[in-house]
Amino acid sequence: MAFIHALNDPPPSPHRIIDFVHAFFHRPKDEATRNAVRWLLAARTTKDPEKAYECHKKGAESFLAVFRELQRWCLPIVYNILLDLKHLARAADRRNASKSSGLKNGSELTVSTHHSSTKQANHYLQDAARVINVFFTACAMDRSSPPEQSRKWGIYGVINILFRVYIYLNSHNLCKGVFRAVSAASLPDFELYPKAHRVEFMFQKGLLNFLNEQYVRAEEELEYALKHCHKKARKGQEKILHYLIPIRLLRGKIASETLFQRYPSFRPIYEGMASGYKTGNLKHFDQSMSANEGSLIELGTYLAFERVRVVVMRNLFKRAFIVAKRSSRQPMALFEDAIASASSFETPEEVECLLTNLIYMGYMKGYLSQEKKFVVLSQKDPFPSLDKVTIAAL
């Protein structure tokens, strides 16, 4: 999924964990500690990505044996170990993919000779996810440390790394188990955790609900992330807004000029769609959506804007209704002409289907008289407010 690249933090300086190695040496006689340092240093010196990953993984697993006996002070070390593990896994998977590509382009003899040396796509990242999950459990199950020194203070920091991996792997279902574990664990109040952890966790949670088309929940979580995001973290704000904008449009909240002034990069993508949305100009909306199709697919928001298109159609029909002087009985031809003006090629039967769906979803109040080819709309509020409709419809 190309759009998820926006969620990955930039590559770190080589093996940031080395900056923390000195912290291990408060227990220099501990064999597990020495093994952890030895493998982490070995990962730093090897140039082969796959070997570097394996060394770093062994270092992480060695440190895990120590981590289960430690307290809150060591959490920064854990975050750096796991972030480096994720990045090394990505590098190893790229190397593995290049090997596989080379085999496909080689002779049959080459394939038969070296096939056993290649692994399935994302093999290393899947393996890294299992290691990160064990660290998550080690944080969640800390029952021996004093509350203020508990490893539970690292649970959201580890979850955020784990979710980045799961989302990249398109393993959204695995996130549900993590949510259940968090709900079952006895944790400090969420608001007491570091703001950076809270913001990213709510963003990841909102993103998952967005991808599952749970837009009402996603809006609450993304709004929280945006509200608490650091005011100077412009890129972070933009990531959140890419998913909030279509949700807000579904709720009838139009992207304003102020938004485009504050985030100029949004103007080429969203200004045309926002204008078409506001005026019910389906043709303009479709043209803008088509022009930005690649960006929307990369972000993973294309399907959400397909749902926004239904709202634009509702706005188009509302304008046609107003022009017709608001009579509650309107010939179906009125809406067929409105669609035709938008350069759409729906047949009368398709327009009838569109109207039926809009009524069913609550965007219009009324019913169709198929025999007389009329649309009979409610005398009161025939086009209900979107902030009420969307909650019920979604």
# chains A, B, ... in the order shown; residues from 1 in each chain; ligands from 1
>>> residues_around(residues="stretch 43-52 of chain A", least_positions_apart="3", cutoff="10 Å", atoms="only C-alpha atoms", output="number ranges by chain")
A: 14-18, 37-40, 55-59, 85, 88-96, 124
>>> write_last_selection(atoms="C-alpha atoms", output="CSV table (one decimal), in the first residue's frame")
chain,number,residue,atom,x,y,z
A,14,PRO,CA,22.7,4.3,11.9
A,15,HIS,CA,21.6,2.3,14.9
A,16,ARG,CA,20.6,5.0,17.4
A,17,ILE,CA,20.6,2.3,20.1
A,18,ILE,CA,24.4,2.6,20.2
A,37,VAL,CA,25.4,-5.4,23.4
A,38,ARG,CA,27.5,-7.9,21.4
A,39,TRP,CA,24.7,-8.6,18.9
A,40,LEU,CA,23.7,-4.9,18.6
A,55,CYS,CA,22.1,-9.8,14.5
A,56,HIS,CA,19.9,-7.0,15.7
A,57,LYS,CA,17.0,-9.4,16.3
A,58,LYS,CA,19.3,-11.6,18.5
A,59,GLY,CA,20.3,-8.4,20.4
A,85,LEU,CA,14.5,-3.5,14.2
A,88,LEU,CA,16.5,-3.1,9.4
A,89,ALA,CA,13.6,-5.5,8.6
A,90,ARG,CA,12.5,-3.2,5.8
A,91,ALA,CA,16.0,-3.1,4.4
A,92,ALA,CA,16.3,-6.9,4.6
A,93,ASP,CA,13.0,-7.3,2.8
A,94,ARG,CA,14.2,-5.0,0.0
A,95,ARG,CA,17.3,-7.1,-0.3
A,96,ASN,CA,15.3,-10.3,-0.4
A,124,TYR,CA,11.6,-10.0,7.9
>>> atom_distance(atom1="atom CA of A:Gln149", atom2="atom CA of A:Val66")
15.8 Å
>>> closest_residue(among="A:Ala121, A:Ile155, A:Leu334, A:Leu241", to="A:Leu299", atoms="only C-alpha atoms")
A:Leu241
>>> residues_around(residues="A:Val131", least_positions_apart="5", cutoff="12 Å", atoms="only C-alpha atoms", output="PyMOL selection string")
chain A and resi 54+56-64+78+81-83+85-86+89+124-126+136-138+158+161-162+165
>>> select_by_dssp(residues="stretch 212-324 of chain A", states="helix (DSSP H, G or I)", output="NGL selection string")
:A and (215-228 or 234-250 or 257-262 or 264-279 or 282-291 or 293-299 or 302-323)
>>> atom_distance(atom1="atom CA of A:Ser328", atom2="atom CA of A:Leu377")
4.9 Å
>>> residues_around(residues="A:Tyr302", least_positions_apart="4", cutoff="10 Å", atoms="only C-alpha atoms", output="list in words")
Pro246, Met289, Asn292, Glu293, Gly294, Ser295, Leu296, Ile297, Glu298, Glu306, Arg307 and Val308 of chain A
